[in-house]
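The file upload-v1.cif comes next; it holds mmCIF, C-alpha atoms.
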data_coords
#
loop_
_atom_site.label_atom_id
_atom_site.label_comp_id
_atom_site.auth_asym_id
_atom_site.auth_seq_id
_atom_site.Cartn_x
_atom_site.Cartn_y
_atom_site.Cartn_z
CA MET A 236 33.21 60.88 37.81
CA GLY A 237 35.50 58.00 36.87
CA LEU A 238 34.73 54.42 37.75
CA PHE A 239 37.64 54.22 40.21
CA THR A 240 36.62 57.44 41.99
CA GLU A 241 33.01 56.31 42.12
CA LEU A 242 34.04 52.94 43.62
CA LYS A 243 36.29 54.68 46.15
CA ASP A 244 33.47 57.01 47.19
CA SER A 245 31.09 54.10 47.49
CA ILE A 246 33.52 52.13 49.70
CA SER A 247 34.11 55.26 51.75
CA ARG A 248 30.36 55.74 52.28
CA VAL A 249 29.96 52.12 53.42
CA THR A 250 32.97 52.40 55.76
CA ASP A 251 31.63 55.67 57.19
CA ARG A 252 28.29 54.02 57.79
CA LEU A 253 29.83 50.95 59.43
CA PHE A 254 31.90 52.95 61.87
CA SER A 255 29.70 55.97 62.30
CA GLU A 256 28.53 56.90 65.77
CA GLN A 257 25.39 58.23 64.08
CA GLU A 258 24.18 54.84 62.82
CA PRO A 259 20.46 54.78 63.58
CA LYS A 260 19.57 52.55 66.51
CA ARG A 261 16.79 50.07 65.91
CA ILE A 262 14.27 50.62 68.66
CA GLY A 263 11.60 47.95 68.94
CA ILE A 264 8.19 48.92 70.27
CA TYR A 265 7.01 45.89 72.22
CA GLY A 266 4.14 45.09 74.54
CA PRO A 267 0.91 43.12 74.82
CA PRO A 268 -1.84 43.41 72.17
CA ASN A 269 -3.95 46.59 72.32
CA ALA A 270 -1.53 48.54 74.51
CA GLY A 271 -1.35 51.30 71.88
CA LYS A 272 1.98 50.44 70.26
CA THR A 273 0.97 51.46 66.74
CA THR A 274 -0.74 54.63 67.98
CA LEU A 275 2.53 55.59 69.69
CA ALA A 276 4.65 54.59 66.68
CA ASN A 277 2.41 56.69 64.42
CA ARG A 278 2.52 59.67 66.80
CA ILE A 279 6.35 59.59 66.90
CA ALA A 280 6.64 59.07 63.12
CA ARG A 281 4.13 61.86 62.33
CA ASP A 282 5.75 64.31 64.76
CA TRP A 283 9.24 63.84 63.29
CA THR A 284 8.76 62.70 59.69
CA GLY A 285 5.18 63.63 58.79
CA ASP A 286 4.23 60.04 57.86
CA ALA A 287 2.42 57.33 59.80
CA ILE A 288 3.64 53.75 60.15
CA GLY A 289 0.52 51.60 60.29
CA THR A 290 -3.21 51.24 60.85
CA GLU A 291 -4.62 51.70 64.36
CA SER A 292 -7.56 49.62 65.50
CA HIS A 293 -9.35 48.37 68.63
CA VAL A 294 -9.31 44.83 67.18
CA PRO A 295 -6.47 42.81 68.71
CA HIS A 296 -3.59 41.95 66.38
CA GLU A 297 -4.27 44.78 63.92
CA THR A 298 -0.48 44.92 63.59
CA ARG A 299 0.45 41.48 62.33
CA ARG A 300 3.88 42.12 60.83
CA ALA A 301 6.74 44.16 62.22
CA ARG A 302 6.87 47.53 60.45
CA ARG A 303 9.80 49.85 60.38
CA LYS A 304 10.14 53.59 59.99
CA GLU A 305 13.74 54.46 59.26
CA ASN A 306 15.82 57.49 60.15
CA VAL A 307 13.48 59.18 62.59
CA GLU A 308 15.52 62.07 63.95
CA ILE A 309 14.42 63.23 67.38
CA GLU A 310 15.88 66.34 68.95
CA ARG A 311 15.35 67.24 72.60
CA ASN A 312 17.27 69.31 75.14
CA GLY A 313 20.14 69.85 72.73
CA LYS A 314 20.51 66.12 72.13
CA THR A 315 19.70 64.53 68.77
CA VAL A 316 19.08 60.85 68.26
CA THR A 317 18.34 59.06 64.99
CA ILE A 318 16.36 55.87 65.36
CA ASP A 319 14.64 53.26 63.22
CA ILE A 320 11.30 52.58 64.87
CA VAL A 321 10.14 48.98 64.65
CA ASP A 322 6.45 48.60 65.48
CA THR A 323 5.87 44.96 66.44
CA PRO A 324 2.72 42.86 66.83
CA GLY A 325 1.49 42.44 70.42
CA VAL A 326 3.28 39.55 72.07
CA THR A 327 1.12 36.75 73.40
CA THR A 328 1.42 33.01 74.00
CA LYS A 329 -1.93 32.15 72.42
CA VAL A 330 -3.99 33.22 69.42
CA ASP A 331 -7.52 31.91 68.95
CA TYR A 332 -9.20 32.82 65.67
CA GLU A 333 -12.62 32.68 67.37
CA GLU A 334 -11.68 35.88 69.23
CA PHE A 335 -12.04 37.73 65.92
CA THR A 336 -15.27 36.17 64.63
CA ASP A 337 -17.40 38.93 66.22
CA GLU A 338 -15.62 41.45 64.01
CA MET A 339 -15.25 39.49 60.74
CA ASP A 340 -16.24 36.27 59.02
CA GLU A 341 -14.52 32.99 59.87
CA GLU A 342 -12.24 32.93 56.85
CA ASP A 343 -10.88 36.39 57.60
CA ALA A 344 -10.59 35.52 61.30
CA ILE A 345 -8.51 32.44 60.49
CA ARG A 346 -6.32 34.46 58.13
CA ARG A 347 -5.87 37.17 60.78
CA SER A 348 -4.90 34.64 63.43
CA ARG A 349 -2.38 32.98 61.08
CA GLU A 350 -0.82 36.35 60.26
CA ALA A 351 -0.81 37.26 63.95
CA THR A 352 1.10 34.11 64.90
CA GLU A 353 3.69 34.76 62.19
CA GLY A 354 4.00 38.33 63.42
CA VAL A 355 4.56 37.34 67.06
CA ALA A 356 7.19 34.77 66.02
CA GLU A 357 8.88 37.44 63.92
CA ALA A 358 8.78 39.92 66.82
CA MET A 359 10.48 37.41 69.12
CA HIS A 360 13.11 36.76 66.49
CA TRP A 361 13.72 40.52 66.08
CA LEU A 362 14.14 40.83 69.83
CA ARG A 363 16.87 38.21 69.88
CA GLU A 364 18.68 39.38 66.77
CA ASP A 365 17.88 42.83 65.53
CA VAL A 366 16.95 45.52 68.05
CA ASP A 367 19.28 47.87 69.94
CA GLY A 368 16.75 49.10 72.47
CA VAL A 369 13.14 48.63 73.50
CA ILE A 370 10.17 50.86 74.17
CA TYR A 371 7.79 48.68 76.17
CA VAL A 372 4.23 49.97 75.93
CA LEU A 373 1.62 49.08 78.55
CA ASP A 374 -2.01 50.04 78.87
CA SER A 375 -2.01 51.87 82.20
CA ALA A 376 -5.68 51.00 82.72
CA GLU A 377 -4.81 47.28 82.80
CA ASP A 378 -2.99 45.15 85.37
CA PRO A 379 0.66 45.09 84.21
CA ILE A 380 1.58 41.97 86.17
CA THR A 381 0.92 39.33 83.55
CA GLN A 382 3.10 36.41 82.60
CA VAL A 383 3.75 37.79 79.13
CA ASN A 384 4.87 41.17 80.49
CA THR A 385 7.14 39.76 83.18
CA MET A 386 8.53 37.15 80.79
CA LEU A 387 9.17 39.67 78.02
CA ILE A 388 10.77 42.21 80.37
CA GLY A 389 12.94 39.34 81.67
CA ILE A 390 13.97 38.44 78.12
CA ILE A 391 14.80 42.09 77.37
CA GLU A 392 16.82 42.37 80.61
CA SER A 393 18.72 39.17 79.83
CA ARG A 394 19.84 40.70 76.54
CA ASP A 395 21.01 43.86 78.36
CA LEU A 396 18.95 46.05 76.04
CA PRO A 397 18.14 49.58 77.20
CA VAL A 398 14.40 49.69 77.89
CA LEU A 399 11.91 52.46 78.61
CA ILE A 400 8.46 51.56 79.89
CA PHE A 401 5.67 53.77 78.57
CA ALA A 402 2.47 53.79 80.61
CA ASN A 403 0.03 54.58 77.81
CA LYS A 404 -3.67 55.57 77.86
CA THR A 405 -3.38 58.00 80.77
CA ASP A 406 -6.46 59.72 79.33
CA LEU A 407 -8.58 56.82 80.62
CA GLU A 408 -10.24 57.20 84.01
CA GLU A 409 -9.02 53.79 85.21
CA SER A 410 -5.41 54.61 84.37
CA SER A 411 -2.86 53.98 87.14
CA VAL A 412 0.75 54.82 86.31
CA LYS A 413 1.80 53.92 89.86
CA ARG A 414 0.63 50.34 89.32
CA ILE A 415 3.13 50.06 86.45
CA GLU A 416 5.92 51.80 88.39
CA ASP A 417 5.36 49.38 91.27
CA ALA A 418 5.35 46.37 88.94
CA PHE A 419 8.66 47.23 87.26
CA PRO A 420 10.54 49.48 89.72
CA GLN A 421 13.89 48.62 88.11
CA HIS A 422 12.97 50.59 84.97
CA THR A 423 12.00 54.15 84.15
CA THR A 424 8.27 54.53 83.53
CA VAL A 425 6.99 57.45 81.46
CA PRO A 426 3.24 58.26 81.51
CA LEU A 427 1.60 59.34 78.25
CA SER A 428 -1.46 59.25 76.08
CA ALA A 429 -0.32 58.47 72.54
CA LYS A 430 -3.87 58.98 71.32
CA GLU A 431 -4.23 62.46 72.85
CA GLY A 432 -0.57 63.41 72.54
CA ASN A 433 -0.20 64.04 76.27
CA ASN A 434 3.28 64.26 77.82
CA MET A 435 5.07 63.70 74.51
CA ASP A 436 7.78 66.24 75.48
CA GLU A 437 8.90 63.94 78.29
CA VAL A 438 8.58 60.92 75.97
CA TYR A 439 10.95 62.48 73.42
CA GLY A 440 13.28 63.69 76.16
CA LYS A 441 13.60 60.16 77.54
CA ILE A 442 14.06 58.63 74.07
CA ALA A 443 16.91 61.08 73.38
CA GLU A 444 18.42 60.39 76.80
CA TYR A 445 18.15 56.56 76.69
CA PHE A 446 18.85 55.78 73.07
CA GLY A 447 21.08 58.68 72.07
CA MET B 812 12.70 11.71 70.95
CA PRO B 813 11.42 10.04 74.12
CA LYS B 814 8.26 11.51 75.58
CA ALA B 815 8.31 12.91 79.08
CA THR B 816 5.28 10.96 80.14
CA ASN B 817 4.90 7.57 81.75
CA ALA B 818 1.22 7.21 81.03
CA ASP B 819 -0.13 4.26 79.12
CA ASP B 820 -0.92 5.88 75.76
CA SER B 821 -3.10 3.01 74.64
CA GLU B 822 -5.84 3.73 77.17
CA PRO B 823 -7.91 6.87 76.56
CA SER B 824 -8.62 8.78 79.74
CA ASP B 825 -10.89 11.64 80.67
CA GLY B 826 -8.40 12.81 83.28
CA VAL B 827 -5.75 15.50 82.96
CA GLN B 828 -2.16 14.29 82.94
CA ILE B 829 0.49 16.31 84.75
CA ASP B 830 4.13 15.87 83.72
CA LEU B 831 6.54 16.95 86.45
CA ILE B 832 9.93 17.26 84.77
CA SER B 833 13.01 17.35 86.96
CA GLY B 834 15.89 19.75 86.46
CA GLU B 835 18.13 16.73 86.06
CA ARG B 836 16.16 15.51 83.04
CA MET B 837 16.40 18.92 81.39
CA ASP B 838 20.12 19.37 82.16
CA GLY B 839 21.57 17.60 79.18
CA MET B 840 19.02 18.84 76.67
CA ALA B 841 19.53 21.43 73.96
CA THR B 842 17.04 24.32 73.80
CA MET B 843 15.02 22.85 70.95
CA GLU B 844 14.86 19.45 72.65
CA LYS B 845 13.38 21.08 75.75
CA ILE B 846 10.88 23.04 73.69
CA ARG B 847 9.90 19.94 71.70
CA MET B 848 9.36 17.96 74.88
CA ILE B 849 7.22 20.72 76.41
CA LEU B 850 5.10 21.28 73.30
CA ASP B 851 4.64 17.55 72.64
CA GLY B 852 3.24 17.24 76.15
CA VAL B 853 1.02 20.30 75.74
CA HIS B 854 -0.25 19.06 72.34
CA ASP B 855 -1.33 15.88 74.11
CA GLY B 856 -3.38 18.00 76.52
CA ASN B 857 -0.96 17.61 79.42
CA ILE B 858 0.06 20.15 82.02
CA VAL B 859 3.86 20.37 82.03
CA ILE B 860 5.65 21.48 85.19
CA LEU B 861 9.36 22.21 84.95
CA GLU B 862 11.30 22.04 88.18
CA GLU B 863 13.94 24.46 86.92
CA GLY B 864 12.12 26.44 84.26
CA LEU B 865 13.69 27.92 81.16
CA THR B 866 16.21 30.67 80.52
CA PRO B 867 14.88 33.95 79.02
CA ASP B 868 16.31 32.96 75.64
CA GLU B 869 14.56 29.59 75.81
CA GLU B 870 11.32 31.31 76.80
CA SER B 871 11.48 33.56 73.74
CA ARG B 872 12.11 30.52 71.51
CA LEU B 873 9.22 28.68 73.18
CA ILE B 874 6.91 31.56 72.21
CA GLU B 875 8.30 31.59 68.67
CA VAL B 876 7.86 27.82 68.16
CA THR B 877 4.42 27.89 69.81
CA MET B 878 3.31 30.53 67.30
CA ALA B 879 4.52 28.36 64.41
CA GLU B 880 2.38 25.45 65.63
CA ILE B 881 -0.91 27.25 66.25
CA SER B 882 -3.63 26.10 63.89
CA PRO B 883 -7.38 26.78 63.80
CA ASP B 884 -9.53 24.32 65.78
CA GLU B 885 -6.50 22.26 66.80
CA PHE B 886 -4.01 24.14 68.93
CA ASN B 887 -4.37 27.76 69.98
CA GLY B 888 -1.30 28.20 72.14
CA ILE B 889 -0.12 27.87 75.71
CA GLU B 890 -0.68 29.32 79.14
CA ILE B 891 2.51 29.73 81.13
CA GLU B 892 3.38 30.89 84.64
CA THR B 893 6.82 31.00 86.18
CA TYR B 894 7.87 31.07 89.73
CA PRO B 895 11.40 32.29 90.55
CA LYS B 896 12.96 30.68 93.59
CA SER B 897 14.82 33.77 94.69
CA GLU B 898 16.12 32.13 97.87
CA THR B 899 18.17 29.69 95.80
CA ARG B 900 19.61 32.34 93.53
CA ASP B 901 23.37 32.26 93.43
CA SER B 902 24.37 35.89 93.68
CA SER B 903 27.99 35.23 94.52
CA LEU B 904 30.69 36.68 92.30
CA LEU B 905 31.50 33.19 91.02
CA GLY B 906 27.83 32.57 90.33
CA ARG B 907 27.58 35.77 88.32
CA ILE B 908 30.75 34.98 86.39
CA MET B 909 29.36 31.53 85.60
CA GLY B 910 26.16 33.15 84.39
CA ASN B 911 23.99 31.60 87.10
CA ASP B 912 22.12 34.88 87.53
CA GLN B 913 20.24 34.27 84.30
CA THR B 914 19.45 30.63 84.89
CA GLU B 915 18.18 30.87 88.41
CA THR B 916 16.18 27.91 89.55
CA LYS B 917 12.51 28.46 88.98
CA LEU B 918 9.32 26.51 88.64
CA THR B 919 7.34 26.85 85.42
CA VAL B 920 3.83 25.61 84.67
CA ILE B 921 2.81 25.28 81.01
CA GLY B 922 -0.45 23.97 79.63
CA PRO B 923 -2.69 24.08 76.58
CA ALA B 924 -4.50 27.43 76.35
CA ASN B 925 -7.81 25.79 75.43
CA GLN B 926 -7.80 23.64 78.57
CA ILE B 927 -6.42 25.98 81.19
CA GLU B 928 -9.27 28.23 82.18
CA THR B 929 -7.28 30.27 84.64
CA LEU B 930 -3.64 30.23 85.59
CA HIS B 931 -3.05 32.55 88.46
CA LYS B 932 0.07 33.38 90.39
CA ASP B 933 0.49 35.19 93.67
CA GLU B 934 3.53 35.48 95.92
CA THR B 935 3.57 31.88 97.08
CA LEU B 936 1.22 29.94 94.83
CA ILE B 937 0.54 29.14 91.19
CA SER B 938 -3.03 27.97 90.80
CA ALA B 939 -4.41 26.35 87.64
CA LEU B 940 -8.02 25.61 86.85
CA VAL B 941 -8.03 22.99 84.12
CA SER B 942 -11.00 21.81 82.10
CA ARG B 943 -11.10 18.33 80.60
CA ASN B 944 -12.72 19.51 77.32
#
Let me see the structure of the file written as structure tokens.
Amino acid sequence: MGLFTELKDSISRVTDRLFSEQEPKRIGIYGPPNAGKTTLANRIARDWTGDAIGTESHVPHETRRARRKENVEIERNGKTVTIDIVDTPGVTTKVDYEEFTDEMDEEDAIRRSREATEGVAEAMHWLREDVDGVIYVLDSAEDPITQVNTMLIGIIESRDLPVLIFANKTDLEESSVKRIEDAFPQHTTVPLSAKEGNNMDEVYGKIAEYFG
Amino acid sequence: MPKATNADDSEPSDGVQIDLISGERMDGMATMEKIRMILDGVHDGNIVILEEGLTPDEESRLIEVTMAEISPDEFNGIEIETYPKSETRDSSLLGRIMGNDQTETKLTVIGPANQIETLHKDETLISALVSRN
């Protein structure tokens, strides 16, 4: 292939990508720490690409940097959507390294808390600049009416981003999906257990419907 | 940048200072000026109460800047509660065109996370239990 033809093809590919309807949407997975964001991101990535995104853990702030899985193609009910999944650290307004000292030594705890703060700042920046839609994950066994949740949902609404609320951990006895529906009646709430893989058909159906 | 407090800084006190900041004072400020004023107060151990709160964008920047300033054994973040005054919300067409929907008047309480033991909100009350450390 000649240099001119190669250049023309390259420009054509870039132009196609810029104006393509099929450009993957960047969908940020947001929520408080330990809501199961990475477990959900891994479940989606494994189901559609075969690979996981990150490490799951019960220790808060296991995810300390935003991680992205690109070109995840989800097909449901005849509708196909291609998304880039961005798994973000749990958003919080405080990080105390002493919370981690039961699980690790002080030096590691300080390092973890520093990384966590950088990750939260990065997640907030992504939300303002770089995501096209949001999956907001809540632990359905916990009270959803917290300042961070209402503030973050408010920020998402102010940016007019499409948002789906996922009531995770329905496998737990204390789970109450209704509590989440009542807290945020203006948004669609989808119950699921990312850990057990329960109700994932509806999850994928809603993702295709909302972000397609 | 002028501080939002009127306290005499030269005298140490074992009390907790509360800065009540009027909407008028915040009106002419840029986002980062507001955030700096809030966090300077919180770093000093004060409880900061904003008569008119922050916009969602300002709230997200407050979280971002707060994260950048957290350091072990010194500052571990903020507690924040916001109270929308829905009865004052301007839902008129003109209000919506002017963008007033997103800057509705609201009361916001912000304090240092290591001093606020509980910050609770119900329908008509924000209640803070503050330790003197």
inquiry  = List the spatial neighbours of stretch 864-868 of chain B as a list in words - criterion: any atom at most 6 Å away, all atoms listed in the file, same-chain residues fewer than 2 positions off excluded.
reply    = Ile390 of chain A; Leu861, Glu862, Glu870, Ser871, Thr914, Lys917, Leu918 and Thr919 of chain B
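In this comparison, which uses all atoms listed in the file, the residue of A:Trp361, A:Phe419, A:Trp283, A:Phe401 approaching A:Thr317 most closely is A:Trp283.
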Closest atom pairs, residues of chain A within 7 Å of chain B, only C-alpha atoms, as CSV:
residue,atom,partner,partner_atom,distance
A:Thr328,CA,B:Ile889,CA,5.6
A:Lys329,CA,B:Gly888,CA,4.0
A:Val330,CA,B:Asn887,CA,5.5
A:Asp331,CA,B:Asn887,CA,5.3
A:Tyr332,CA,B:Pro883,CA,6.6
A:Ile345,CA,B:Pro883,CA,6.7
A:Thr352,CA,B:Met878,CA,4.8
A:Glu353,CA,B:Met878,CA,6.6
A:Val355,CA,B:Met878,CA,6.9
A:Ala356,CA,B:Glu875,CA,4.3
A:Met359,CA,B:Ser871,CA,6.1
A:Gln382,CA,B:Glu892,CA,5.9
A:Gly389,CA,B:Pro867,CA,6.3
A:Ile390,CA,B:Pro867,CA,4.7
A:Ser393,CA,B:Pro867,CA,6.5
task = Compile the contact shell of A:Ala270 as a PyMOL selection string: residues with an atom at most 7 Å away, counting all atoms listed in the file, same-chain residues fewer than 4 positions apart removed.
result = chain A and resi 266+372-374
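Put simply, atom CA of A:Leu407 is 19.6 Å away from atom CA of A:Asp436.
Take atom CA of A:Thr323 and atom CA of A:Val383: the distance between them is 14.7 Å.
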